[in-house]
Every structure is written in structure tokens, then in C-alpha cells.
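Input: a single structure, listed below in C-alpha cells.
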Amino acid sequence: MSTTQSERLRELLEPLVASQGLDLEEIAVDSVGRKRVLRVVVDSDDGADLDAIADVSRALSAKLDETDAMGEGEYTLEVGTPGAERELTEHRHYVRAVDRLVRFRLTEGGDLVARILTVDDEGVDLEVPGVKGRKATARRLAFDAIAGARVQVEFNRKDKQDKHDEQDDSEMKEEEEA
């Protein structure tokens, strides 16, 4: 996709996405056989549910149909949200990743896996998990020390699971007493 087409699509679609209360994160046009696929990635501070995705998809489709931004050929419009292991490239991405485990690629070299606790204009405050039974430690990381960052998928987060189990136990106890 040429830079000109990418810029035209962003200029055309971004106000529509914003009017739906979402951020336009990414636009990509790919060729799949004879057809083209326009992939639009949207997100918000509160996430985007299926209804929001459907609404913005209808609005984008209508706008694209009334313009020639995609040219004459057929194309498929796909609207979705960033994946579970999203890359953090904007300040708002870091804010949305508070309390998430993130793998940081450091500008000085090496990687660091830590949980984001807070975010401000200069950087992030982190909790670095302890190794082999040691306690977690706090660390401050300035944005200019980050070469890249990607959210990590957690299947069994211990502290969240413990709170959930305690809540389930107290609910079962209440049901037994009733």
C-alpha cells in the first residue's frame, strides 16, 4: 500500500472512528489472491466490545462506499481490536496496559519482563517479579530507555486467582448458611 493511500485512508477513517469513541490504531491493506483486504484496528481506554466493533464497521463501510479511497476493485473490510500480545507504541497503550505483564526490549540491550503499575509522561513504574521465591522489586523505566514493549499473555496469574478463589469460597459459605 502506498504511503499516499495509507494517509488518505487514515484521514478519511480516523474522524469516523473517533466519533464512535474509539482510537484508530492501525490500517493495513493486503492482497489475498485477487481480492484485497482492508484491516482496521481500533481500541479505547475501556476496550471495544462487539457492538462497538459492529457500529464502527458499518460507519466505515458506508464512508468507504461513498468514496474512491479503495479504488475500483473488490475488497473486504475487517475491523477488530489489537491482539492479546499487542505491541505498545503510544503513551495511551502503556496506560491501557497498567496491571499487565509486559516484555520490554531495552535500548541499552536485553529484555525485562515486568508488570506496569503506573504510567506518567516520562515513563513507567514497574513491579519486576521475583525469581526463585524472592520478592518482587520496584523499578522505574523512562520511555527513552524502551526500544520496544509487548503485552504478555498470562493464563494463571496467582494473585488475581487467589482473590477470585477467596470470593468464590465466601459466596459458597453464604449459600451453605442460607
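So you can find residues: chains in the C-alpha cells are A, B, ... in the order shown, residues in each start at 1, and ligands are numbered from 1 in order.
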For this session: Check the DSSP output for the backbone and give back, as a ChimeraX atom specification, the residues of range 28-69 of chain A in strand (DSSP E).
Result: /A:28-32,35-43
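For range 47-133 of chain A, a DSSP pass over the backbone yields alpha helix (DSSP H) at Leu50, Asp51, Ala52, Ile53, Ala54, Asp55, Val56, Ser57, Arg58, Ala59, Leu60, Ser61, Ala62, Lys63, Leu64, Asp65, His91, Arg92, His93, Tyr94, Val95 and Arg96 of chain A.
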For this session: Write out as a list of chain:residue names the residues lying within 12 Å of Gly130 in chain A, counting only C-alpha atoms and excluding same-chain residues fewer than 5 positions away.
Result: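 Counting only C-alpha atoms, the residues come to A:Val113, A:Ala114, A:Arg115, A:Lys135, A:Ala136, A:Thr137, A:Ala138.
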Problem set entry | Residues within 8 Å of Val119 in chain A, only C-alpha atoms, excluding chain neighbours under 6 positions, as JSON, numbers by chain | {"A": [94, 95, 98, 125]}
Could you turn the residues from that selection into a file that holds N, CA and C atoms, as a CSV table (one decimal), in the first residue's frame?
chain,number,residue,atom,x,y,z
A,94,TYR,N,0.5,2.3,26.9
A,94,TYR,CA,1.0,2.0,28.2
A,94,TYR,C,0.0,2.2,29.3
A,95,VAL,N,-0.8,3.2,29.2
A,95,VAL,CA,-1.8,3.5,30.1
A,95,VAL,C,-2.8,2.3,30.2
A,98,VAL,N,-1.7,-0.9,32.1
A,98,VAL,CA,-1.5,-0.9,33.6
A,98,VAL,C,-2.0,-2.2,34.2
A,125,ASP,N,6.3,3.0,36.0
A,125,ASP,CA,6.8,2.3,37.3
A,125,ASP,C,6.4,0.9,37.2
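With only C-alpha atoms as the atoms that count, the minimum distance from Pro15 in chain A to the choices A:Leu60, A:Leu106, A:Val153, A:Val32 is reached by A:Leu60.
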For this session: Give me the residues within 10 Å of Glu78 in chain A as a PyMOL selection string, counting only C-alpha atoms and dropping any in the same chain fewer than 3 places off.
Result: chain A and resi 28+37-41+53+57+61+75
Problem set entry | Closest of A:Val131, A:Arg100, A:Gly73, A:His93 to Ser31 in chain A - atom-to-atom distances counting only C-alpha atoms |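 For Ser31 in chain A, the nearest of the candidates is A:Gly73.
Taking CA of Gln5 in chain A and CA of Asp65 in chain A as endpoints, the distance between them is 15.6 Å.
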Problem set entry | Distance query Val124 in chain A at most 8 Å, only C-alpha atoms, self and fewer than 5 positions along chain excluded, as JSON, numbers by chain | {"A": [116, 117, 118, 119, 140, 141, 142, 143]}
For this session: Rank A:Ala147, A:Arg36, A:Pro129, A:Leu12 by their smallest atom-to-atom distance to Glu74 in chain A, using only C-alpha atoms, and report the top residue only.
Result: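 Smallest separation from Glu74 in chain A among the options: A:Arg36.
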Exercise. Any idea what the distance is between CA of Leu9 in chain A and CA of Ala69 in chain A?
Worked result: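 So the answer is 6.4 Å.
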For this session: Tell me, in Å to one decimal, how far CA of Gln20 in chain A is from CA of Val56 in chain A.
Result: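 Between CA of Gln20 in chain A and CA of Val56 in chain A the gap works out to 6.4 Å.
Distances from A:Asp55, A:Glu85, A:Glu72, A:Asp30 to Arg150 in chain A were compared using only C-alpha atoms, and the smallest one belongs to A:Glu85.
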